[in-house]
There are 2 protein chains.
Amino acid sequence: VDADPSRIVVCGGVAEVLALVARVLRARGARRLGVENPSHRSTRGLLAHHGMDVVAIEVDEHGIDVDALAAAAPDAVLVTPAHQFPTGVVLSAGRRAELAAWVRRTGAYVIEDDYDAEYRYDRLPIGAVQGLAPEHVIHAHSVSKTLAPGLRLGWAVLPSHLAAEVAAEKALSDLGTPVLEQLTLAAFLARGELDRHLRQTRPLYRRRRDALLHGLPGLPAAGAAAGLHALVGLPPGSDESQVAAAAATNEVAVEPLGPHDMTGDHEPALILGYSRLSEPALIEAAKRLRAALAG
Amino acid sequence: VDADPSRIVVCGGVAEVLALVARVLRARGARRLGVENPSHRSTRGLLAHHGMDVVAIEVDEHGIDVDALAAAAPDAVLVTPAHQFPTGVVLSAGRRAELAAWVRRTGAYVIEDDYDAEYRYDRLPIGAVQGLAPEHVIHAHSVSKTLAPGLRLGWAVLPSHLAAEVAAEKALSDLGTPVLEQLTLAAFLARGELDRHLRQTRPLYRRRRDALLHGLPGLPAAGAAAGLHALVGLPPGSDESQVAAAAATNEVAVEPLGPHDMTGDHEPALILGYSRLSEPALIEAAKRLRAALAG
């Protein structure tokens with residue numbers, strides 16, 4: 001990420017970046033915003049609330065389909081290149097180049113939600129798309145996944161011509177983000193504590209991911225070994241909502257893919273979060289989930 | 001203040017309350033928002049940015065003119081009843097009753113900015129207008145004046161029928177306010193620390209106010225002995241902007257009343273903040289301000 005301070009607006013997390021940017025882009029005349037399909041339902045609701053017409057662009061095993069994006073021709077597109085939510089797909093090098101070429105050619109914007117990029121378990125984290133086209137990419141990140149969502153601390157790295165407008169929108173929304181967390185994070189970073197924390201938590205979350213997935217033989221996990229969730233496919237013909245409901249009666253919270261799919265055309269699958277449970281708890285959860293699937 | 005928790009939305013201060021409420025009221029069809037004249041220029045800019053047409057309602061020695069308000073018939077009105085900004089006038093008991101009767105009669109809303117209500121030096125702080133008509137008053141308050149503006153911690157107490165909409169607007173804007181400050185403030189309040197802090201700071205700020213004003217003989221301060229600023233009248237014919245500029249060259253920062261007056265029809269006056277300077281520094285500042293006025 002090109003982190004020239006004049007391009008950065010500090011705010012309360014990726015959701016706030018999206019709200020501010022949606023309002024700024026709308027004031028500049030943008031209306032149509034491409035989103036990956038599937039993608040987070042709440043995020044689409046937030047964008048629509050702030051005036052965007054949301055257009056679904058399909059995701060395949062290489063990430064967002066840039067040909068489909070070019071055909072839909074929205075004013076901007078929201079992507080999760082490091083680890084697509086919820087499929088877990090990493091945007092391929094070819095697609096990254098296509099996406100950067102598309103924004104340069106059209107003047108559209110990419111909004112890059114880099115929500116869990118630090119957590120890659122199979123290789124080094126991949127670079128941000130922002131670096132390929134810094135004048136066309138709005139990069140959004142936060143400490144919600146690395147430290148704690150309750151801190152509500154994130155930031156946008158913006159094209160230089162948008163930075164002042166987004167900063168003004170932020171100032172007109174709440175005068176600014178609390179300073180204590182910002183100063184604390186700055187000291188934390190300067191002392192190398194975030195790197196230390198990531199070195200501790202990467203293997204921890206990887207073991208948790210492995211414990212969960214090893215407990216679910218025959219249920220393939222989509223995408224890369226990364227992040228804090230996995231999308232697992234269910235046997236053909238399964239009712240994902242019914243399985244989720246059955247698991248819930250046994251105190252296992254999982255989410256069906258359905259609500260995140262705008263077209264409804266997908267194989268049955270569940271989204272499983274594993275970051276907050278110990279390995280034994282995840283092994284037990286996998287067991288209960290298998291029972292829910294069998295029942 | 002009627003503080004039923006279901007009516008409260010925690011946010012980043014009064015500015016955020018105003019931004020959220022402006023967007024919610026606009027979505028409900030409101031457009032015209034009365035504001036006191038004079039009133040804070042930045043606040044009017046924020047309200048206009050979020051879609052409100054701002055209408056000036058004059059303030060006299062009893063506070064906002066409720067007859068003028070009724071004649072203008074806006075959808076809502078923003079007031080500073082405890083200590084009008086910048087005149088320092090306290091809304092009289094009669095006007096409070098008229099204001100409450102007006103909202104009950106018309107279905108309009110009062111937005112009560114209670115920004116420095118804790119700092120009354122001549123008598124006990126007056127009750128909020130919210131208590132007179134809780135289903136018609138949006139009460140906004142924060143710890144910016146009592147503790148520190150950098151905490152960015154405030155709240156709205158809302159009519160029950162608006163609380164869910166404002167909470168949703170908040171969630172759709174940034175998912176919520178940081179939790180550390182909230183938990184810390186709750187502990188601080190539970191231990192009686194805020195009361196203790198106010199008992200310490202009330203006499204401190206009062207002495208600072210007195211030091212400043214005693215250093216400015218012949219320049220009358222408007223309004224009540226309250227808050228963290230005073231509006232002082234200049235001799236007739238003075239150029240308030242010129243005096244402020246002259247003071248600035250001598251490292252004394254004061255603000256002319258002009259930018260806060262929507263109609264431009266006022267006697268020359270300066271807004272002086274005294275909360276952050278020691279008594280000796282305020283005595284020196286008063287001396288330099290007199291020199292600026294004489295020059």
# chains A, B, ... in the order shown; residues from 1 in each chain; ligands from 1
call {"tool": "interface_residues", "arguments": {"of": "chain A", "to": "chain B", "cutoff": "9 Å", "atoms": "only C-alpha atoms", "output": "VMD selection string"}}
result
chain A and resid 11 to 20 42 to 43 45 to 47 49 to 50 149 to 153 169 171 to 181
call {"tool": "write_last_selection", "arguments": {"atoms": "N, CA, C and O atoms", "output": "short mmCIF file (atom, residue, chain, number, x, y, z; two decimals), in the first residue's frame"}}
result
data_model
loop_
_atom_site.label_atom_id
_atom_site.label_comp_id
_atom_site.auth_asym_id
_atom_site.auth_seq_id
_atom_site.Cartn_x
_atom_site.Cartn_y
_atom_site.Cartn_z
N CYS A 11 -10.51 6.44 10.21
CA CYS A 11 -11.92 6.40 10.62
C CYS A 11 -12.19 5.15 11.43
O CYS A 11 -11.25 4.53 11.94
N GLY A 12 -13.47 4.81 11.58
CA GLY A 12 -13.85 3.77 12.52
C GLY A 12 -13.90 2.37 11.93
O GLY A 12 -14.57 1.52 12.51
N GLY A 13 -13.23 2.12 10.83
CA GLY A 13 -13.24 0.77 10.27
C GLY A 13 -13.68 0.79 8.83
O GLY A 13 -14.01 1.84 8.26
N VAL A 14 -13.68 -0.38 8.21
CA VAL A 14 -14.00 -0.48 6.79
C VAL A 14 -15.44 -0.04 6.52
O VAL A 14 -15.72 0.62 5.52
N ALA A 15 -16.37 -0.37 7.41
CA ALA A 15 -17.76 0.03 7.19
C ALA A 15 -17.85 1.55 7.06
O ALA A 15 -18.56 2.06 6.19
N GLU A 16 -17.14 2.27 7.92
CA GLU A 16 -17.21 3.73 7.82
C GLU A 16 -16.54 4.22 6.54
O GLU A 16 -17.04 5.16 5.90
N VAL A 17 -15.44 3.61 6.15
CA VAL A 17 -14.84 3.98 4.86
C VAL A 17 -15.88 3.85 3.75
O VAL A 17 -16.06 4.75 2.93
N LEU A 18 -16.60 2.73 3.73
CA LEU A 18 -17.57 2.50 2.66
C LEU A 18 -18.70 3.53 2.70
O LEU A 18 -19.13 4.04 1.66
N ALA A 19 -19.17 3.86 3.91
CA ALA A 19 -20.25 4.85 4.03
C ALA A 19 -19.78 6.22 3.53
O ALA A 19 -20.47 6.89 2.77
N LEU A 20 -18.58 6.64 3.97
CA LEU A 20 -18.06 7.95 3.56
C LEU A 20 -17.81 7.99 2.06
O LEU A 20 -18.19 8.95 1.38
N SER A 42 -24.65 -7.56 4.57
CA SER A 42 -24.75 -6.30 5.33
C SER A 42 -24.03 -5.17 4.62
O SER A 42 -24.49 -4.02 4.64
N THR A 43 -22.90 -5.50 4.00
CA THR A 43 -22.14 -4.46 3.29
C THR A 43 -22.96 -3.91 2.13
O THR A 43 -22.99 -2.70 1.90
N GLY A 45 -26.16 -3.78 1.99
CA GLY A 45 -27.21 -2.95 2.59
C GLY A 45 -26.69 -1.58 2.95
O GLY A 45 -27.36 -0.56 2.73
N LEU A 46 -25.49 -1.54 3.51
CA LEU A 46 -24.87 -0.26 3.87
C LEU A 46 -24.67 0.62 2.64
O LEU A 46 -24.99 1.81 2.64
N LEU A 47 -24.15 0.02 1.56
CA LEU A 47 -23.89 0.79 0.34
C LEU A 47 -25.19 1.31 -0.26
O LEU A 47 -25.26 2.46 -0.72
N HIS A 49 -27.92 1.94 1.37
CA HIS A 49 -28.43 2.98 2.26
C HIS A 49 -27.80 4.34 1.94
O HIS A 49 -28.45 5.38 2.07
N HIS A 50 -26.53 4.32 1.54
CA HIS A 50 -25.84 5.58 1.24
C HIS A 50 -25.93 5.94 -0.23
O HIS A 50 -25.11 6.70 -0.75
N PRO A 149 -12.36 -5.83 16.97
CA PRO A 149 -13.36 -5.00 16.29
C PRO A 149 -13.89 -3.87 17.18
O PRO A 149 -14.25 -2.82 16.68
N GLY A 150 -13.90 -4.07 18.50
CA GLY A 150 -14.42 -3.05 19.41
C GLY A 150 -13.57 -1.80 19.44
O GLY A 150 -14.02 -0.76 19.93
N LEU A 151 -12.34 -1.87 18.92
CA LEU A 151 -11.52 -0.65 18.84
C LEU A 151 -12.10 0.33 17.84
O LEU A 151 -11.89 1.54 17.97
N ARG A 152 -12.83 -0.18 16.83
CA ARG A 152 -13.39 0.68 15.77
C ARG A 152 -12.31 1.62 15.23
O ARG A 152 -12.43 2.85 15.33
N LEU A 153 -11.29 1.05 14.67
CA LEU A 153 -10.19 1.86 14.15
C LEU A 153 -9.76 1.33 12.79
O LEU A 153 -9.35 0.17 12.68
N GLU A 169 -15.90 14.82 4.32
CA GLU A 169 -17.10 14.04 4.63
C GLU A 169 -16.98 13.45 6.04
O GLU A 169 -17.96 13.44 6.80
N ALA A 171 -15.12 14.72 8.55
CA ALA A 171 -15.23 15.82 9.52
C ALA A 171 -16.67 16.26 9.69
O ALA A 171 -17.12 16.57 10.79
N LEU A 172 -17.43 16.25 8.60
CA LEU A 172 -18.84 16.66 8.66
C LEU A 172 -19.72 15.57 9.23
O LEU A 172 -20.92 15.77 9.44
N SER A 173 -19.17 14.40 9.45
CA SER A 173 -19.95 13.30 10.01
C SER A 173 -19.78 13.17 11.52
O SER A 173 -20.72 12.83 12.23
N ASP A 174 -18.57 13.40 12.01
CA ASP A 174 -18.36 13.24 13.46
C ASP A 174 -17.13 13.98 13.99
O ASP A 174 -16.72 13.72 15.13
N LEU A 175 -16.56 14.87 13.20
CA LEU A 175 -15.37 15.66 13.58
C LEU A 175 -14.09 14.83 13.68
O LEU A 175 -13.02 15.41 13.86
N GLY A 176 -14.20 13.51 13.59
CA GLY A 176 -12.97 12.71 13.64
C GLY A 176 -13.08 11.52 14.56
O GLY A 176 -14.00 11.41 15.37
N THR A 177 -12.11 10.63 14.41
CA THR A 177 -12.05 9.38 15.17
C THR A 177 -11.33 9.62 16.50
O THR A 177 -10.42 10.45 16.56
N PRO A 178 -11.72 8.91 17.56
CA PRO A 178 -11.07 9.10 18.87
C PRO A 178 -9.54 9.00 18.76
O PRO A 178 -9.01 8.17 18.03
N VAL A 179 -8.86 9.85 19.52
CA VAL A 179 -7.41 9.93 19.36
C VAL A 179 -6.65 8.90 20.19
O VAL A 179 -5.54 8.51 19.82
N LEU A 180 -7.23 8.43 21.30
CA LEU A 180 -6.46 7.53 22.16
C LEU A 180 -6.05 6.26 21.42
O LEU A 180 -4.90 5.83 21.49
N GLU A 181 -6.99 5.66 20.71
CA GLU A 181 -6.68 4.43 19.97
C GLU A 181 -5.64 4.70 18.88
O GLU A 181 -4.79 3.85 18.60
#
call {"tool": "select_by_dssp", "arguments": {"residues": "segment 154-269 of chain B", "states": "strand (DSSP E)", "output": "PyMOL selection string"}}
result
chain B and resi 154-157+229-233+255-256+269
call {"tool": "closest_residue", "arguments": {"among": "B:Asn37, B:Ser238, B:Ser275, B:Gln200", "to": "Ala68 of chain B", "atoms": "only C-alpha atoms"}}
result
B:Asn37
call {"tool": "residues_around", "arguments": {"residues": "Ile126 of chain B", "least_positions_apart": "3", "cutoff": "10 Å", "atoms": "only C-alpha atoms", "output": "ChimeraX atom specification"}}
result
/B:81-83,90-93,117-118,120,123,129
call {"tool": "residues_around", "arguments": {"residues": "Thr80 of chain B", "least_positions_apart": "3", "cutoff": "7 Å", "atoms": "only C-alpha atoms", "output": "NGL selection string"}}
result
:B and (83-85 or 112-114)
call {"tool": "select_by_dssp", "arguments": {"residues": "segment 11-229 of chain B", "states": "helix (DSSP H, G or I)", "output": "ChimeraX atom specification"}}
result
/B:14-27,41-49,66-72,93-106,129-132,149-151,160-174,179-190,193-214
call {"tool": "atom_distance", "arguments": {"atom1": "atom CA of Leu99 of chain B", "atom2": "atom CA of Pro38 of chain B"}}
result
18.1 Å
call {"tool": "closest_residue", "arguments": {"among": "B:Leu228, B:Ala100, B:Ala30, B:Leu25", "to": "Tyr115 of chain B", "atoms": "only C-alpha atoms"}}
result
B:Leu228
call {"tool": "residues_around", "arguments": {"residues": "segment 215-218 of chain A", "least_positions_apart": "5", "cutoff": "10 Å", "atoms": "only C-alpha atoms", "output": "NGL selection string"}}
result
:A and (209-210 or 232-235 or 282-290)
call {"tool": "closest_residue", "arguments": {"among": "B:Leu78, B:Val166, B:Leu124, B:Val9", "to": "Arg23 of chain B", "atoms": "only C-alpha atoms"}}
result
B:Val166
call {"tool": "atom_distance", "arguments": {"atom1": "atom CA of Ile138 of chain B", "atom2": "atom CA of Ala224 of chain B"}}
result
23.8 Å
call {"tool": "atom_distance", "arguments": {"atom1": "atom CA of Ala76 of chain A", "atom2": "atom CA of Asp4 of chain A"}}
result
22.6 Å
